[in-house]
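Participant: Contents are mmCIF, C-alpha atoms; file name start-v6.cif:
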```cif
data_structure
loop_
_atom_site.label_atom_id
_atom_site.label_comp_id
_atom_site.auth_asym_id
_atom_site.auth_seq_id
_atom_site.Cartn_x
_atom_site.Cartn_y
_atom_site.Cartn_z
CA MET A 27 13.11 8.57 16.18
CA THR A 28 9.55 8.50 14.89
CA SER A 29 8.77 6.38 11.84
CA GLU A 30 6.68 7.66 8.94
CA ARG A 31 3.94 5.20 9.96
CA GLU A 32 3.94 6.59 13.51
CA LYS A 33 3.71 10.13 12.12
CA MET A 34 0.83 9.08 9.86
CA GLU A 35 -1.00 7.42 12.76
CA ALA A 36 -0.44 10.49 14.96
CA GLY A 37 -1.95 12.82 12.35
CA ASP A 38 1.39 14.55 11.70
CA TRP A 39 2.98 15.32 8.33
CA TYR A 40 4.71 12.21 6.97
CA HIS A 41 6.42 11.00 3.80
CA CYS A 42 3.95 8.73 2.01
CA VAL A 43 6.60 7.17 -0.24
CA ASN A 44 8.31 5.07 2.38
CA PRO A 45 9.41 1.40 2.57
CA GLU A 46 7.47 0.65 5.78
CA LEU A 47 4.25 2.09 4.34
CA GLU A 48 4.83 0.31 1.02
CA VAL A 49 4.91 -3.04 2.85
CA LEU A 50 1.46 -2.23 4.25
CA ARG A 51 0.18 -1.17 0.82
CA VAL A 52 1.42 -4.43 -0.75
CA GLN A 53 -0.32 -6.40 2.01
CA ALA A 54 -3.54 -4.51 1.24
CA ARG A 55 -3.22 -5.06 -2.52
CA LYS A 56 -2.95 -8.82 -1.97
CA ALA A 57 -6.07 -8.91 0.23
CA ILE A 58 -7.96 -6.69 -2.23
CA HIS A 59 -6.94 -8.97 -5.10
CA ASP A 60 -8.27 -11.98 -3.19
CA HIS A 61 -11.56 -10.19 -2.62
CA ASN A 62 -11.96 -8.78 -6.13
CA THR A 63 -11.16 -12.08 -7.89
CA LEU A 64 -13.49 -14.41 -6.01
CA SER A 65 -15.67 -16.35 -8.42
CA PRO A 66 -19.43 -15.76 -8.14
CA ASP A 67 -19.75 -19.25 -6.61
CA GLU A 68 -17.19 -18.42 -3.90
CA ARG A 69 -18.35 -14.90 -3.23
CA GLY A 70 -19.62 -14.30 0.24
CA ASN A 71 -19.91 -11.02 1.99
CA ILE A 72 -16.18 -10.27 2.10
CA ALA A 73 -13.06 -12.29 1.32
CA PRO A 74 -11.40 -13.65 4.49
CA ALA A 75 -8.06 -12.00 3.68
CA LEU A 76 -9.72 -8.60 3.39
CA ALA A 77 -11.79 -9.10 6.56
CA GLU A 78 -8.64 -10.06 8.49
CA LEU A 79 -6.79 -7.00 7.18
CA MET A 80 -9.43 -4.52 8.33
CA ALA A 81 -9.55 -3.20 11.87
CA GLN A 82 -13.21 -4.27 12.15
CA ALA A 83 -15.35 -6.15 9.61
CA PRO A 84 -18.23 -8.19 11.06
CA ASP A 85 -19.46 -11.29 9.22
CA ASN A 86 -22.64 -9.52 8.10
CA VAL A 87 -20.82 -6.81 6.09
CA VAL A 88 -21.15 -6.88 2.30
CA ILE A 89 -18.47 -5.35 0.07
CA GLU A 90 -19.17 -5.68 -3.65
CA ALA A 91 -16.23 -6.03 -6.02
CA PRO A 92 -14.31 -4.22 -7.22
CA PHE A 93 -13.21 -2.57 -4.01
CA HIS A 94 -9.99 -0.70 -3.23
CA CYS A 95 -8.34 0.60 -0.09
CA ILE A 96 -4.81 1.86 0.49
CA TYR A 97 -4.03 0.11 3.79
CA GLY A 98 -7.21 -1.56 5.06
CA ILE A 99 -5.88 -1.62 8.62
CA ASN A 100 -7.62 1.66 9.45
CA ILE A 101 -11.11 0.64 8.29
CA HIS A 102 -13.72 -0.02 11.01
CA LEU A 103 -17.06 -1.30 9.70
CA GLY A 104 -20.19 -1.66 11.81
CA ASP A 105 -22.82 -4.40 11.56
CA ARG A 106 -24.75 -4.76 8.30
CA VAL A 107 -22.70 -2.18 6.38
CA PHE A 108 -23.22 -2.49 2.62
CA ILE A 109 -20.56 -1.15 0.28
CA ASN A 110 -21.53 -1.20 -3.39
CA THR A 111 -19.21 -1.77 -6.32
CA GLY A 112 -16.30 0.52 -7.15
CA CYS A 113 -15.76 1.97 -3.68
CA VAL A 114 -12.33 3.45 -2.91
CA ILE A 115 -11.26 4.13 0.67
CA LEU A 116 -7.87 5.81 1.07
CA ASP A 117 -7.52 4.97 4.74
CA SER A 118 -4.29 6.60 5.80
CA ALA A 119 -6.25 7.59 8.93
CA PRO A 120 -9.08 5.75 10.69
CA VAL A 121 -12.34 5.41 8.76
CA HIS A 122 -15.33 4.45 10.92
CA ILE A 123 -18.56 3.44 9.18
CA GLY A 124 -21.52 2.84 11.50
CA ASP A 125 -24.08 0.05 11.62
CA ALA A 126 -26.57 -0.32 8.76
CA THR A 127 -24.90 2.31 6.58
CA LEU A 128 -25.39 1.97 2.82
CA ILE A 129 -22.64 3.15 0.48
CA GLY A 130 -23.53 3.51 -3.20
CA PRO A 131 -21.43 2.58 -6.23
CA GLY A 132 -18.32 4.57 -7.01
CA VAL A 133 -18.05 6.27 -3.61
CA GLN A 134 -14.61 7.60 -2.70
CA ILE A 135 -13.44 8.31 0.85
CA TYR A 136 -10.15 10.19 1.18
CA CYS A 137 -8.20 10.58 4.43
CA ALA A 138 -4.97 11.97 2.98
CA GLU A 139 -4.23 15.56 2.09
CA HIS A 140 -1.07 16.43 0.19
CA HIS A 141 0.92 19.47 1.24
CA ARG A 142 -0.12 22.78 -0.32
CA ASP A 143 3.51 23.93 -0.56
CA PRO A 144 4.71 22.61 -3.97
CA GLU A 145 8.21 21.70 -2.77
CA LYS A 146 6.90 19.78 0.24
CA ARG A 147 4.27 18.11 -1.95
CA LYS A 148 6.99 17.07 -4.42
CA ALA A 149 8.89 15.58 -1.46
CA GLY A 150 5.87 13.34 -0.76
CA LEU A 151 4.57 15.04 2.38
CA GLU A 152 0.96 14.39 3.30
CA ILE A 153 -1.20 14.42 6.40
CA ALA A 154 -3.98 11.99 7.30
CA LYS A 155 -7.30 13.02 8.86
CA PRO A 156 -9.98 10.54 10.00
CA VAL A 157 -13.41 10.13 8.42
CA ASN A 158 -16.35 9.15 10.61
CA ILE A 159 -19.68 8.05 9.17
CA GLY A 160 -22.53 7.39 11.58
CA GLU A 161 -25.18 4.69 11.71
CA ASN A 162 -27.95 4.23 9.17
CA VAL A 163 -26.40 6.70 6.73
CA TRP A 164 -27.23 6.49 3.02
CA ILE A 165 -24.43 7.65 0.73
CA GLY A 166 -25.49 7.88 -2.91
CA GLY A 167 -23.43 6.78 -5.90
CA GLY A 168 -20.39 8.77 -6.94
CA VAL A 169 -20.05 10.68 -3.65
CA ILE A 170 -16.61 11.95 -2.63
CA ILE A 171 -15.93 12.40 1.10
CA LEU A 172 -12.85 14.43 1.97
CA ALA A 173 -10.40 14.08 4.85
CA GLY A 174 -11.52 15.03 8.35
CA VAL A 175 -15.27 14.85 7.67
CA THR A 176 -17.82 13.48 10.13
CA ILE A 177 -21.29 12.46 8.93
CA GLY A 178 -23.95 12.06 11.61
CA ASP A 179 -26.41 9.20 12.10
CA ASP A 180 -29.34 8.92 9.67
CA ALA A 181 -27.88 11.47 7.24
CA ILE A 182 -28.36 11.18 3.47
CA ILE A 183 -25.66 12.23 1.02
CA GLY A 184 -27.11 12.77 -2.46
CA ALA A 185 -25.50 11.05 -5.46
CA GLY A 186 -22.51 12.89 -6.90
CA SER A 187 -22.04 15.14 -3.88
CA VAL A 188 -18.61 16.26 -2.68
CA VAL A 189 -18.59 16.37 1.12
CA THR A 190 -16.03 18.91 2.33
CA LYS A 191 -17.49 19.66 5.78
CA ASP A 192 -19.24 17.80 8.59
CA VAL A 193 -22.86 16.74 8.06
CA ALA A 194 -25.26 16.79 11.01
CA SER A 195 -27.38 13.79 12.00
CA GLY A 196 -30.63 13.38 10.07
CA VAL A 197 -29.71 15.95 7.41
CA THR A 198 -29.79 15.47 3.63
CA VAL A 199 -27.01 17.17 1.67
CA VAL A 200 -26.48 17.42 -2.08
CA GLY A 201 -24.14 19.09 -4.54
CA ASN A 202 -20.56 20.22 -4.91
CA PRO A 203 -19.73 21.26 -2.31
CA ALA A 204 -22.47 19.38 -0.44
CA ARG A 205 -25.08 21.66 1.13
CA VAL A 206 -28.28 21.01 3.05
CA ALA A 207 -31.05 20.16 0.60
CA ALA A 208 -34.13 22.35 0.47
CA GLU A 209 -37.28 20.75 1.87
CA LYS A 210 -39.88 19.79 -0.72
#
```
Translate the structure described by the file into structure tokens.

Facilitator:
Amino acid sequence: MTSEREKMEAGDWYHCVNPELEVLRVQARKAIHDHNTLSPDERGNIAPALAELMAQAPDNVVIEAPFHCIYGINIHLGDRVFINTGCVILDSAPVHIGDATLIGPGVQIYCAEHHRDPEKRKAGLEIAKPVNIGENVWIGGGVIILAGVTIGDDAIIGAGSVVTKDVASGVTVVGNPARVAAEK
């Protein structure tokens, strides 16, 4: 028998309201609380409990508080990643953020999609799709990145954009939905 966590990790439909997954969410909430409540004198780059929870979080990563993630265990951060205040990562699938990427305030990264069928959605069915963000990417404040999106190296995502599709390397996108910006 396959557990809901195994289904989630496999990218299959799973029930998100589940005791095994709730244990993981509680673990994440505790680590997030530790990070978000550090005093300014104690504040380093990232609270040890949060760094230990994440799949990869080098010592030179900076995550400003407040920060929120749903599990933490699926977050892979490269060297020198900077995550500004108010970031939310719903990491029900792997989220990879490449070296030297800058994430502005209020950015939201969503891996989960709820079922479109209302009865299945009411039953708590969702599917998780990974998000991959390349190296040296600049993501402006208030950006929303949807499930299954890949953003290439050196891309720029303009503030307030909603990224629904992949973004090629070196491209600047803006708007809702995000589209390639016109050259000036």

Participant: Could you tell me which residues the PyMOL selection byres ((chain A and resi 141) around 12) returns for this structure, as an MDAnalysis selection string?

Facilitator: chainID A and resid 38:42 138:140 142:154

Participant: Would you please work out which residue, of A:Gly132, A:Leu50, A:Val189, A:Phe93, is nearest to A:Gly168 when using all atoms listed in the file?

Facilitator: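 Of A:Gly132, A:Leu50, A:Val189, A:Phe93, the one nearest A:Gly168 is A:Gly132, counting all atoms listed in the file.
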
Participant: Any chance you could resolve the PyMOL selection byres ((chain A and resi 104) around 7) against this file and give the residues as a ChimeraX atom specification?

Facilitator: /A:83-84,102-103,105-107,123-125

Participant: Store the residues picked out above in a file with C-alpha atoms, as a JSON list (two decimals), in the frame of the given file.

Facilitator:
```json
[["chain", "number", "residue", "atom", "x", "y", "z"],
["A", 83, "ALA", "CA", -15.35, -6.15, 9.61],
["A", 84, "PRO", "CA", -18.23, -8.19, 11.06],
["A", 102, "HIS", "CA", -13.72, -0.02, 11.01],
["A", 103, "LEU", "CA", -17.06, -1.30, 9.70],
["A", 105, "ASP", "CA", -22.82, -4.40, 11.56],
["A", 106, "ARG", "CA", -24.75, -4.76, 8.30],
["A", 107, "VAL", "CA", -22.70, -2.18, 6.38],
["A", 123, "ILE", "CA", -18.56, 3.44, 9.18],
["A", 124, "GLY", "CA", -21.52, 2.84, 11.50],
["A", 125, "ASP", "CA", -24.08, 0.05, 11.62]]
```

Participant: Show which residues sit within 7 Å of A:Leu116, as a ChimeraX atom specification. Count only C-alpha atoms, and ignore same-chain residues fewer than 4 positions away.

Facilitator: /A:95-96,135-137

Participant: Can you pull out every residue within 7 Å of A:Ala194, counting all atoms listed in the file, but drop anything in the same chain fewer than 2 positions away, and send it as a ChimeraX atom specification?

Facilitator: /A:177-178,192,196-197

Participant: Give me the residues within 10 Å of A:His61 as a PyMOL selection string, counting all atoms listed in the file and dropping any in the same chain fewer than 4 places off.

Facilitator: chain A and resi 55-57+65+69-77+89-94

Participant: The PyMOL selection byres ((chain A and resi 98) around 8) - which residues does that actually catch in the file I just gave you? List them as a PyMOL selection string.

Facilitator: chain A and resi 54+76+79-81+95-97+99-101+117

Participant: Looking at A:Cys113, A:Ile183, A:Ile159, A:Gly167, which one is nearest to A:Val200, with distances taken over all atoms listed in the file?

Facilitator: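 Closest residue, counting all atoms listed in the file: A:Ile183.
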
Participant: Calculate how many Å separate atom CA of A:Lys155 from atom CA of A:Glu30, rounding to one decimal.

Facilitator: 15.0 Å

Participant: What's the separation between atom CA of A:Val169 and atom CA of A:Ile58, in Å to one decimal place?

Facilitator: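 Going from atom CA of A:Val169 over to atom CA of A:Ile58 covers 21.2 Å.
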
Participant: Anything within 10 Å of (-26.3, 14.7, -3.3): list those residues as a list in words, counting only C-alpha atoms and sticking to the file's coordinates.

Facilitator: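 The distance filter leaves exactly Ile165, Gly166, Gly167, Gly168, Val169, Ile182, Ile183, Gly184, Ala185, Gly186, Ser187, Val188, Val189, Thr198, Val199, Val200, Gly201, Asn202, Pro203, Ala204, Arg205, Val206 and Ala207 of chain A.
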
Participant: Counting all atoms listed in the file, which of A:Val121, A:Ala126, A:Leu47, A:Leu64 gets nearest to A:Ile171?

Facilitator: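 That would be A:Val121, the residue with the smallest distance to A:Ile171.
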
Participant: Quote the spacing between atom CA of A:Leu128 and atom CA of A:Glu78 in Å to one decimal place.

Facilitator: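 Those two atoms sit 21.4 Å apart.
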
Participant: Starting from the incomplete input, reconstruct N, CA and C atoms of stretch 103-121 of chain A and write that as a PDB file, in the frame of the given file.

Facilitator:
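Generated file (rebuild39.pdb):
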```pdb
ATOM      1  N   LEU A 103     -15.710  -1.193  10.224  1.00  0.00           N
ATOM      2  CA  LEU A 103     -17.060  -1.300   9.700  1.00  0.00           C
ATOM      3  C   LEU A 103     -18.011  -1.820  10.776  1.00  0.00           C
ATOM      4  N   GLY A 104     -19.173  -1.206  10.875  1.00  0.00           N
ATOM      5  CA  GLY A 104     -20.190  -1.660  11.810  1.00  0.00           C
ATOM      6  C   GLY A 104     -20.991  -2.812  11.224  1.00  0.00           C
ATOM      7  N   ASP A 105     -21.948  -3.314  11.994  1.00  0.00           N
ATOM      8  CA  ASP A 105     -22.820  -4.400  11.560  1.00  0.00           C
ATOM      9  C   ASP A 105     -23.661  -3.977  10.359  1.00  0.00           C
ATOM     10  N   ARG A 106     -23.852  -4.897   9.438  1.00  0.00           N
ATOM     11  CA  ARG A 106     -24.750  -4.760   8.300  1.00  0.00           C
ATOM     12  C   ARG A 106     -24.392  -3.595   7.373  1.00  0.00           C
ATOM     13  N   VAL A 107     -23.138  -3.200   7.343  1.00  0.00           N
ATOM     14  CA  VAL A 107     -22.700  -2.180   6.380  1.00  0.00           C
ATOM     15  C   VAL A 107     -22.731  -2.808   4.993  1.00  0.00           C
ATOM     16  N   PHE A 108     -23.227  -2.050   4.018  1.00  0.00           N
ATOM     17  CA  PHE A 108     -23.220  -2.490   2.620  1.00  0.00           C
ATOM     18  C   PHE A 108     -22.430  -1.479   1.814  1.00  0.00           C
ATOM     19  N   ILE A 109     -21.396  -1.981   1.130  1.00  0.00           N
ATOM     20  CA  ILE A 109     -20.560  -1.150   0.280  1.00  0.00           C
ATOM     21  C   ILE A 109     -20.711  -1.644  -1.152  1.00  0.00           C
ATOM     22  N   ASN A 110     -21.274  -0.804  -2.006  1.00  0.00           N
ATOM     23  CA  ASN A 110     -21.530  -1.200  -3.390  1.00  0.00           C
ATOM     24  C   ASN A 110     -20.244  -1.153  -4.213  1.00  0.00           C
ATOM     25  N   THR A 111     -20.341  -1.588  -5.420  1.00  0.00           N
ATOM     26  CA  THR A 111     -19.210  -1.770  -6.320  1.00  0.00           C
ATOM     27  C   THR A 111     -18.448  -0.470  -6.602  1.00  0.00           C
ATOM     28  N   GLY A 112     -17.141  -0.603  -6.756  1.00  0.00           N
ATOM     29  CA  GLY A 112     -16.300   0.520  -7.150  1.00  0.00           C
ATOM     30  C   GLY A 112     -15.933   1.483  -6.052  1.00  0.00           C
ATOM     31  N   CYS A 113     -16.092   1.090  -4.804  1.00  0.00           N
ATOM     32  CA  CYS A 113     -15.760   1.970  -3.680  1.00  0.00           C
ATOM     33  C   CYS A 113     -14.238   2.029  -3.489  1.00  0.00           C
ATOM     34  N   VAL A 114     -13.745   3.228  -3.208  1.00  0.00           N
ATOM     35  CA  VAL A 114     -12.330   3.450  -2.910  1.00  0.00           C
ATOM     36  C   VAL A 114     -12.239   4.139  -1.555  1.00  0.00           C
ATOM     37  N   ILE A 115     -11.486   3.524  -0.639  1.00  0.00           N
ATOM     38  CA  ILE A 115     -11.260   4.130   0.670  1.00  0.00           C
ATOM     39  C   ILE A 115      -9.753   4.288   0.853  1.00  0.00           C
ATOM     40  N   LEU A 116      -9.286   5.527   0.845  1.00  0.00           N
ATOM     41  CA  LEU A 116      -7.870   5.810   1.070  1.00  0.00           C
ATOM     42  C   LEU A 116      -7.687   6.076   2.556  1.00  0.00           C
ATOM     43  N   ASP A 117      -7.475   4.983   3.277  1.00  0.00           N
ATOM     44  CA  ASP A 117      -7.520   4.970   4.740  1.00  0.00           C
ATOM     45  C   ASP A 117      -6.158   5.172   5.393  1.00  0.00           C
ATOM     46  N   SER A 118      -5.535   6.293   5.112  1.00  0.00           N
ATOM     47  CA  SER A 118      -4.290   6.600   5.800  1.00  0.00           C
ATOM     48  C   SER A 118      -4.547   7.086   7.223  1.00  0.00           C
ATOM     49  N   ALA A 119      -5.796   7.301   7.569  1.00  0.00           N
ATOM     50  CA  ALA A 119      -6.250   7.590   8.930  1.00  0.00           C
ATOM     51  C   ALA A 119      -7.461   6.691   9.181  1.00  0.00           C
ATOM     52  N   PRO A 120      -7.922   6.601  10.423  1.00  0.00           N
ATOM     53  CA  PRO A 120      -9.080   5.750  10.690  1.00  0.00           C
ATOM     54  C   PRO A 120     -10.332   6.197   9.925  1.00  0.00           C
ATOM     55  N   VAL A 121     -11.041   5.202   9.404  1.00  0.00           N
ATOM     56  CA  VAL A 121     -12.340   5.410   8.760  1.00  0.00           C
ATOM     57  C   VAL A 121     -13.324   4.527   9.530  1.00  0.00           C
TER      58      VAL A 121
END
```
